[in-house]
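This is my_file-v3.csv. It holds CSV, N, CA and C atoms.
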chain,number,residue,atom,x,y,z
V,251,MET,N,2.0,2.8,13.0
V,251,MET,CA,1.2,1.8,12.5
V,251,MET,C,2.1,0.6,12.4
V,252,SER,N,1.8,-0.5,13.0
V,252,SER,CA,2.6,-1.7,12.9
V,252,SER,C,2.1,-2.7,11.9
V,253,THR,N,2.9,-3.7,11.6
V,253,THR,CA,2.4,-4.8,10.7
V,253,THR,C,1.1,-5.4,11.2
V,254,ASP,N,1.0,-5.6,12.5
V,254,ASP,CA,-0.2,-6.2,13.1
V,254,ASP,C,-1.4,-5.3,12.8
V,255,ASP,N,-1.2,-4.0,12.9
V,255,ASP,CA,-2.3,-3.1,12.6
V,255,ASP,C,-2.7,-3.2,11.1
V,256,ILE,N,-1.7,-3.2,10.2
V,256,ILE,CA,-2.0,-3.3,8.8
V,256,ILE,C,-2.7,-4.6,8.5
V,257,ILE,N,-2.2,-5.7,9.0
V,257,ILE,CA,-2.9,-7.0,8.8
V,257,ILE,C,-4.3,-7.0,9.3
V,258,ASP,N,-4.4,-6.6,10.6
V,258,ASP,CA,-5.8,-6.6,11.2
V,258,ASP,C,-6.7,-5.7,10.5
V,259,GLY,N,-6.3,-4.5,10.1
V,259,GLY,CA,-7.2,-3.5,9.6
V,259,GLY,C,-7.4,-3.5,8.1
V,260,LEU,N,-6.4,-4.1,7.3
V,260,LEU,CA,-6.5,-3.9,5.9
V,260,LEU,C,-6.4,-5.2,5.1
V,261,ILE,N,-5.7,-6.2,5.6
V,261,ILE,CA,-5.5,-7.4,4.8
V,261,ILE,C,-6.3,-8.6,5.4
V,262,PRO,N,-7.3,-9.0,4.7
V,262,PRO,CA,-8.1,-10.2,5.2
V,262,PRO,C,-7.3,-11.5,5.2
V,263,ALA,N,-7.6,-12.4,6.1
V,263,ALA,CA,-6.9,-13.6,6.2
V,263,ALA,C,-6.9,-14.5,5.0
V,264,ASP,N,-8.0,-14.4,4.2
V,264,ASP,CA,-8.0,-15.2,2.9
V,264,ASP,C,-7.0,-14.7,1.9
V,265,ILE,N,-6.8,-13.4,2.0
V,265,ILE,CA,-5.8,-12.8,1.1
V,265,ILE,C,-4.4,-13.3,1.5
V,266,LEU,N,-4.1,-13.3,2.8
V,266,LEU,CA,-2.8,-13.7,3.2
V,266,LEU,C,-2.6,-15.2,3.0
V,267,ALA,N,-3.6,-16.0,3.0
V,267,ALA,CA,-3.5,-17.4,2.8
V,267,ALA,C,-3.4,-17.8,1.3
V,268,SER,N,-3.7,-16.9,0.4
V,268,SER,CA,-3.7,-17.2,-1.0
V,268,SER,C,-2.4,-17.6,-1.5
V,269,ASP,N,-2.4,-18.7,-2.3
V,269,ASP,CA,-1.2,-19.2,-3.0
V,269,ASP,C,-1.2,-18.8,-4.4
V,270,THR,N,-2.2,-18.0,-4.8
V,270,THR,CA,-2.3,-17.5,-6.2
V,270,THR,C,-2.1,-15.9,-6.1
V,271,PRO,N,-2.0,-15.3,-7.2
V,271,PRO,CA,-1.8,-13.8,-7.1
V,271,PRO,C,-2.9,-13.1,-6.4
V,272,VAL,N,-2.5,-12.0,-5.7
V,272,VAL,CA,-3.5,-11.2,-5.0
V,272,VAL,C,-3.3,-9.7,-5.5
V,273,ALA,N,-4.4,-9.0,-5.6
V,273,ALA,CA,-4.3,-7.6,-6.0
V,273,ALA,C,-5.2,-6.7,-5.1
V,274,VAL,N,-4.8,-5.5,-5.1
V,274,VAL,CA,-5.5,-4.5,-4.2
V,274,VAL,C,-5.4,-3.1,-4.8
V,275,TYR,N,-6.4,-2.4,-4.7
V,275,TYR,CA,-6.3,-0.9,-5.0
V,275,TYR,C,-6.7,-0.2,-3.7
V,276,GLY,N,-6.0,0.9,-3.4
V,276,GLY,CA,-6.2,1.6,-2.2
V,276,GLY,C,-6.1,3.1,-2.4
V,277,TYR,N,-6.4,3.8,-1.3
V,277,TYR,CA,-6.5,5.2,-1.4
V,277,TYR,C,-6.0,5.8,-0.1
V,278,ALA,N,-5.3,6.9,-0.1
V,278,ALA,CA,-4.9,7.6,1.1
V,278,ALA,C,-4.9,9.1,0.7
V,279,ARG,N,-5.2,9.9,1.7
V,279,ARG,CA,-5.2,11.4,1.5
V,279,ARG,C,-4.4,12.0,2.7
V,280,ALA,N,-3.6,12.9,2.3
V,280,ALA,CA,-2.7,13.6,3.2
V,280,ALA,C,-3.6,14.6,4.0
V,281,LYS,N,-3.2,14.9,5.3
V,281,LYS,CA,-3.8,16.0,6.0
V,281,LYS,C,-3.4,17.3,5.4
V,282,ALA,N,-4.2,18.3,5.5
V,282,ALA,CA,-3.8,19.6,5.0
V,282,ALA,C,-2.5,20.0,5.5
V,283,GLY,N,-1.6,20.5,4.5
V,283,GLY,CA,-0.3,20.9,4.9
V,283,GLY,C,0.7,19.8,4.9
V,284,GLU,N,0.3,18.5,4.8
V,284,GLU,CA,1.3,17.4,4.8
V,284,GLU,C,1.4,16.7,3.4
V,285,GLU,N,0.9,17.3,2.4
V,285,GLU,CA,0.9,16.7,1.1
V,285,GLU,C,2.3,16.4,0.6
V,286,GLY,N,3.2,17.3,0.7
V,286,GLY,CA,4.6,17.2,0.3
V,286,GLY,C,5.3,16.1,1.1
V,287,ARG,N,5.1,16.1,2.4
V,287,ARG,CA,5.8,15.0,3.2
V,287,ARG,C,5.2,13.6,2.9
V,288,LEU,N,3.9,13.5,2.7
V,288,LEU,CA,3.4,12.2,2.3
V,288,LEU,C,3.9,11.8,0.9
V,289,LEU,N,3.9,12.7,0.0
V,289,LEU,CA,4.5,12.4,-1.3
V,289,LEU,C,5.9,11.8,-1.2
V,290,GLY,N,6.7,12.5,-0.4
V,290,GLY,CA,8.1,12.0,-0.2
V,290,GLY,C,8.2,10.6,0.4
V,291,GLU,N,7.3,10.4,1.4
V,291,GLU,CA,7.3,9.0,2.0
V,291,GLU,C,6.9,8.0,0.9
V,292,ILE,N,5.9,8.3,0.1
V,292,ILE,CA,5.5,7.3,-0.9
V,292,ILE,C,6.6,7.1,-1.9
V,293,GLN,N,7.2,8.2,-2.4
V,293,GLN,CA,8.2,8.1,-3.4
V,293,GLN,C,9.4,7.2,-2.9
V,294,ALA,N,9.7,7.3,-1.6
V,294,ALA,CA,10.8,6.6,-1.0
V,294,ALA,C,10.6,5.1,-1.1
V,295,ILE,N,9.4,4.6,-1.1
V,295,ILE,CA,9.2,3.1,-1.1
V,295,ILE,C,8.9,2.5,-2.4
V,296,ILE,N,8.6,3.3,-3.4
V,296,ILE,CA,8.2,2.7,-4.7
V,296,ILE,C,9.3,1.8,-5.3
V,297,GLY,N,10.5,2.3,-5.5
V,297,GLY,CA,11.5,1.5,-6.0
V,297,GLY,C,11.9,0.3,-5.2
V,298,LEU,N,11.9,0.5,-3.9
V,298,LEU,CA,12.2,-0.7,-3.0
V,298,LEU,C,11.2,-1.7,-3.2
V,299,THR,N,9.9,-1.3,-3.2
V,299,THR,CA,8.8,-2.3,-3.3
V,299,THR,C,8.9,-3.0,-4.6
V,300,ARG,N,9.1,-2.3,-5.7
V,300,ARG,CA,9.1,-3.0,-7.0
V,300,ARG,C,10.2,-4.0,-7.2
V,301,LYS,N,11.3,-3.9,-6.4
V,301,LYS,CA,12.4,-4.9,-6.4
V,301,LYS,C,12.1,-6.1,-5.6
V,302,GLU,N,11.1,-6.1,-4.8
V,302,GLU,CA,10.8,-7.3,-3.9
V,302,GLU,C,10.3,-8.5,-4.6
V,303,ASP,N,10.7,-9.6,-4.1
V,303,ASP,CA,10.3,-10.9,-4.6
V,303,ASP,C,8.8,-11.0,-4.6
V,304,GLY,N,8.2,-11.4,-5.7
V,304,GLY,CA,6.7,-11.5,-5.7
V,304,GLY,C,5.9,-10.3,-6.1
V,305,CYS,N,6.6,-9.1,-6.2
V,305,CYS,CA,5.9,-7.9,-6.6
V,305,CYS,C,5.8,-7.9,-8.1
V,306,GLU,N,4.5,-8.1,-8.6
V,306,GLU,CA,4.2,-8.1,-10.0
V,306,GLU,C,3.9,-6.7,-10.5
V,307,GLN,N,3.3,-5.9,-9.7
V,307,GLN,CA,3.0,-4.5,-10.1
V,307,GLN,C,2.8,-3.7,-8.8
V,308,TYR,N,3.3,-2.5,-8.9
V,308,TYR,CA,3.2,-1.5,-7.8
V,308,TYR,C,3.2,-0.2,-8.4
V,309,VAL,N,2.0,0.5,-8.4
V,309,VAL,CA,1.8,1.8,-9.1
V,309,VAL,C,1.1,2.7,-8.1
V,310,VAL,N,1.6,3.9,-8.1
V,310,VAL,CA,0.9,5.0,-7.3
V,310,VAL,C,0.5,6.1,-8.2
V,311,HIS,N,-0.7,6.5,-8.1
V,311,HIS,CA,-1.2,7.6,-8.9
V,311,HIS,C,-1.7,8.8,-8.0
V,312,THR,N,-1.6,10.0,-8.6
V,312,THR,CA,-2.2,11.2,-8.0
V,312,THR,C,-2.8,12.0,-9.1
V,313,THR,N,-3.5,13.1,-8.7
V,313,THR,CA,-4.1,14.0,-9.7
V,313,THR,C,-3.9,15.4,-9.3
V,314,PRO,N,-3.7,16.3,-10.2
V,314,PRO,CA,-3.5,17.7,-9.8
V,314,PRO,C,-4.8,18.3,-9.2
V,315,ASP,N,-6.0,17.7,-9.6
V,315,ASP,CA,-7.3,18.1,-9.1
V,315,ASP,C,-7.4,17.9,-7.6
V,316,GLN,N,-6.7,17.0,-7.0
V,316,GLN,CA,-6.8,16.7,-5.6
V,316,GLN,C,-5.4,16.5,-5.0
V,317,PRO,N,-4.7,17.6,-4.7
V,317,PRO,CA,-3.4,17.5,-4.2
V,317,PRO,C,-3.4,16.7,-2.8
V,318,GLY,N,-2.5,15.8,-2.7
V,318,GLY,CA,-2.4,15.0,-1.4
V,318,GLY,C,-3.2,13.8,-1.5
V,319,ALA,N,-3.9,13.5,-2.6
V,319,ALA,CA,-4.7,12.3,-2.7
V,319,ALA,C,-3.9,11.3,-3.6
V,320,PHE,N,-3.8,10.1,-3.1
V,320,PHE,CA,-3.0,9.0,-3.7
V,320,PHE,C,-3.7,7.7,-3.9
V,321,ALA,N,-3.7,7.2,-5.1
V,321,ALA,CA,-4.3,5.9,-5.3
V,321,ALA,C,-3.2,4.9,-5.6
V,322,PHE,N,-3.3,3.7,-5.0
V,322,PHE,CA,-2.3,2.6,-5.1
V,322,PHE,C,-2.9,1.4,-5.9
V,323,TYR,N,-2.1,0.8,-6.7
V,323,TYR,CA,-2.5,-0.5,-7.2
V,323,TYR,C,-1.3,-1.5,-7.0
V,324,GLU,N,-1.6,-2.6,-6.4
V,324,GLU,CA,-0.6,-3.6,-6.2
V,324,GLU,C,-1.0,-5.0,-6.6
V,325,ARG,N,-0.1,-5.7,-7.1
V,325,ARG,CA,-0.4,-7.1,-7.4
V,325,ARG,C,0.9,-7.9,-7.0
V,326,TRP,N,0.6,-8.9,-6.2
V,326,TRP,CA,1.6,-9.8,-5.6
V,326,TRP,C,1.4,-11.2,-6.0
V,327,SER,N,2.5,-12.0,-6.1
V,327,SER,CA,2.4,-13.4,-6.6
V,327,SER,C,1.6,-14.3,-5.6
V,328,SER,N,1.5,-13.9,-4.3
V,328,SER,CA,0.8,-14.7,-3.4
V,328,SER,C,0.6,-13.9,-2.1
V,329,GLY,N,-0.3,-14.4,-1.2
V,329,GLY,CA,-0.4,-13.7,0.1
V,329,GLY,C,0.8,-13.7,0.9
V,330,ALA,N,1.6,-14.7,0.8
V,330,ALA,CA,2.9,-14.8,1.5
V,330,ALA,C,3.8,-13.7,1.0
V,331,HIS,N,3.8,-13.4,-0.3
V,331,HIS,CA,4.7,-12.3,-0.8
V,331,HIS,C,4.2,-10.9,-0.2
V,332,LEU,N,2.9,-10.8,-0.2
V,332,LEU,CA,2.3,-9.5,0.4
V,332,LEU,C,2.7,-9.4,1.8
V,333,LEU,N,2.6,-10.5,2.6
V,333,LEU,CA,2.9,-10.4,4.0
V,333,LEU,C,4.4,-10.1,4.2
V,334,ALA,N,5.3,-10.7,3.4
V,334,ALA,CA,6.7,-10.3,3.4
V,334,ALA,C,6.9,-8.9,3.1
V,335,HIS,N,6.1,-8.3,2.2
V,335,HIS,CA,6.2,-6.9,1.9
V,335,HIS,C,5.9,-6.0,3.1
V,336,VAL,N,4.8,-6.2,3.7
V,336,VAL,CA,4.4,-5.3,4.8
V,336,VAL,C,5.2,-5.5,6.0
V,337,SER,N,6.0,-6.6,6.0
V,337,SER,CA,6.9,-6.9,7.2
V,337,SER,C,8.3,-6.3,7.0
V,338,GLN,N,8.6,-5.8,5.8
V,338,GLN,CA,9.9,-5.3,5.5
V,338,GLN,C,10.2,-4.1,6.5
V,339,PRO,N,11.4,-4.0,6.9
V,339,PRO,CA,11.8,-2.9,7.8
V,339,PRO,C,11.5,-1.5,7.2
V,340,PHE,N,11.7,-1.4,5.9
V,340,PHE,CA,11.4,-0.1,5.3
V,340,PHE,C,9.9,0.2,5.3
V,341,MET,N,9.1,-0.8,5.2
V,341,MET,CA,7.6,-0.6,5.3
V,341,MET,C,7.2,-0.3,6.7
V,342,GLN,N,7.9,-0.8,7.7
V,342,GLN,CA,7.5,-0.5,9.1
V,342,GLN,C,7.9,1.0,9.3
V,343,THR,N,9.0,1.5,8.8
V,343,THR,CA,9.4,2.9,8.9
V,343,THR,C,8.3,3.7,8.1
V,344,TYR,N,7.9,3.3,7.0
V,344,TYR,CA,6.9,4.0,6.2
V,344,TYR,C,5.6,4.1,7.0
V,345,PHE,N,5.1,3.0,7.5
V,345,PHE,CA,3.8,3.0,8.2
V,345,PHE,C,3.9,4.0,9.4
V,346,ALA,N,5.0,3.9,10.1
V,346,ALA,CA,5.1,4.8,11.3
V,346,ALA,C,5.2,6.3,10.8
V,347,ALA,N,5.8,6.6,9.7
V,347,ALA,CA,6.0,7.9,9.2
V,347,ALA,C,4.7,8.5,8.7
V,348,ILE,N,3.8,7.7,8.0
V,348,ILE,CA,2.6,8.2,7.5
V,348,ILE,C,1.5,8.3,8.5
V,349,ALA,N,1.6,7.7,9.6
V,349,ALA,CA,0.5,7.6,10.6
V,349,ALA,C,0.0,9.0,10.9
V,350,ASP,N,0.8,10.0,11.0
V,350,ASP,CA,0.4,11.4,11.4
V,350,ASP,C,0.3,12.3,10.1
V,351,LEU,N,0.5,11.7,9.0
V,351,LEU,CA,0.4,12.5,7.7
V,351,LEU,C,-0.9,12.3,7.0
V,352,ILE,N,-1.6,11.2,7.3
V,352,ILE,CA,-2.9,10.9,6.5
V,352,ILE,C,-4.1,11.3,7.4
V,353,GLU,N,-5.2,11.6,6.6
V,353,GLU,CA,-6.4,12.0,7.3
V,353,GLU,C,-7.0,10.8,8.1
V,354,THR,N,-7.1,9.7,7.5
V,354,THR,CA,-7.7,8.5,8.1
V,354,THR,C,-6.9,7.3,7.6
V,355,ALA,N,-7.2,6.1,8.2
V,355,ALA,CA,-6.5,4.9,7.8
V,355,ALA,C,-6.6,4.7,6.3
V,356,PRO,N,-5.6,4.2,5.6
V,356,PRO,CA,-5.7,4.0,4.2
V,356,PRO,C,-6.8,3.0,3.9
V,357,GLU,N,-7.5,3.2,2.8
V,357,GLU,CA,-8.5,2.3,2.3
V,357,GLU,C,-7.8,1.2,1.5
V,358,ALA,N,-8.4,0.0,1.5
V,358,ALA,CA,-7.9,-1.1,0.7
V,358,ALA,C,-9.1,-1.8,0.2
V,359,HIS,N,-9.1,-2.1,-1.1
V,359,HIS,CA,-10.1,-2.9,-1.8
V,359,HIS,C,-9.5,-4.1,-2.5
V,360,TRP,N,-9.8,-5.3,-2.0
V,360,TRP,CA,-9.1,-6.5,-2.5
V,360,TRP,C,-9.8,-7.0,-3.7
V,361,LEU,N,-9.1,-7.4,-4.7
V,361,LEU,CA,-9.6,-7.8,-6.0
V,361,LEU,C,-9.5,-9.3,-6.2
V,362,HIS,N,-10.5,-9.9,-6.8
V,362,HIS,CA,-10.5,-11.3,-7.0
V,362,HIS,C,-10.7,-11.5,-8.5
V,363,PRO,N,-9.8,-12.3,-9.1
V,363,PRO,CA,-9.9,-12.5,-10.6
V,363,PRO,C,-11.2,-13.3,-10.9
V,364,LEU,N,-11.7,-13.0,-12.1
V,364,LEU,CA,-12.9,-13.6,-12.5
V,364,LEU,C,-12.7,-15.0,-13.0
V,365,ALA,N,-11.5,-15.3,-13.6
V,365,ALA,CA,-11.2,-16.6,-14.0
V,365,ALA,C,-9.7,-16.8,-14.2
Is it possible to express this structure as structure tokens?
Amino acid sequence: MSTDDIIDGLIPADILASDTPVAVYGYARAKAGEEGRLLGEIQAIIGLTRKEDGCEQYVVHTTPDQPGAFAFYERWSSGAHLLAHVSQPFMQTYFAAIADLIETAPEAHWLHPLA
């Protein structure tokens, strides 16, 4: 999965153009038997992501009731910061690694502040 695929499939143009904070929650589920590998790939990027310029919050959740199901919440200072994030070499490695580990493309739900 390349940056272009991520941008085209998950990140709307208005989000990337935002000069105010952007937030998203998403969901990914591992293929049967790939739960541990997907967990490892996710754990490998959490610390790196949190250190990035513009990362205000990056949290990944899971539940024992649904092994291999992961929910993400991210908040970035701007669309440009988000674009820089998905363009990082470690994220390119991550996207390539998870492509065969997840059931379907990750879901993303973009959030807009009320005021």
Practice item. Using backbone DSSP assignments, extract all helix (DSSP H, G or I) residues from chain V; output them as a PyMOL selection string. Key: chain V and resi 253-260+263-266+285-300+329-337+339-348
Point to revise | Counting only C-alpha atoms, the residue of V:Met341, V:Ala330, V:Ala282, V:Ile352 that sits nearest Thr270 of chain V | key: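 With only C-alpha atoms as the atom set, the closest residue is V:Ala330.
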Exercise for review: For segment 357-362 of chain V, please output as a ChimeraX atom specification all residues within 10 Å (counting only C-alpha atoms; exclusion window: fewer than 4 positions along the same chain).
Suggested key: /V:259-262,265,271-279,321-325
Exercise for review: In Å, rounded to a single decimal, give me how far atom CA of Trp326 of chain V is from atom CA of Tyr344 of chain V.
Suggested key: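 Between these atoms lies a distance of 18.9 Å.
The two atoms in question, atom CA of Gln316 of chain V and atom C of Lys281 of chain V, are spaced 11.5 Å apart.
Using only C-alpha atoms, the shortest contact distance between Ala349 of chain V and any of V:Ala267, V:Ile295, V:Leu332, V:Leu288 is found at V:Leu288.
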Check your understanding: What is the distance, in Å and to one decimal place, between atom CA of Ala319 of chain V and atom CA of Cys305 of chain V?
Key ->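 That distance, rounded to one decimal, is 23.1 Å.
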Check your understanding: Which of these residues is nearest to Tyr308 of chain V, using only C-alpha atoms: V:Leu351, V:Leu364, V:Leu333, V:Ile292?
Key ->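 The answer is V:Ile292, which sits nearest to Tyr308 of chain V.
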Check your understanding: Skipping near chain neighbours, those fewer than 6 positions away, what residues fall within 9 Å of segment 289-291 of chain V using only C-alpha atoms, listed as a PyMOL selection string?
Key -> chain V and resi 280+318+320+344+347-348
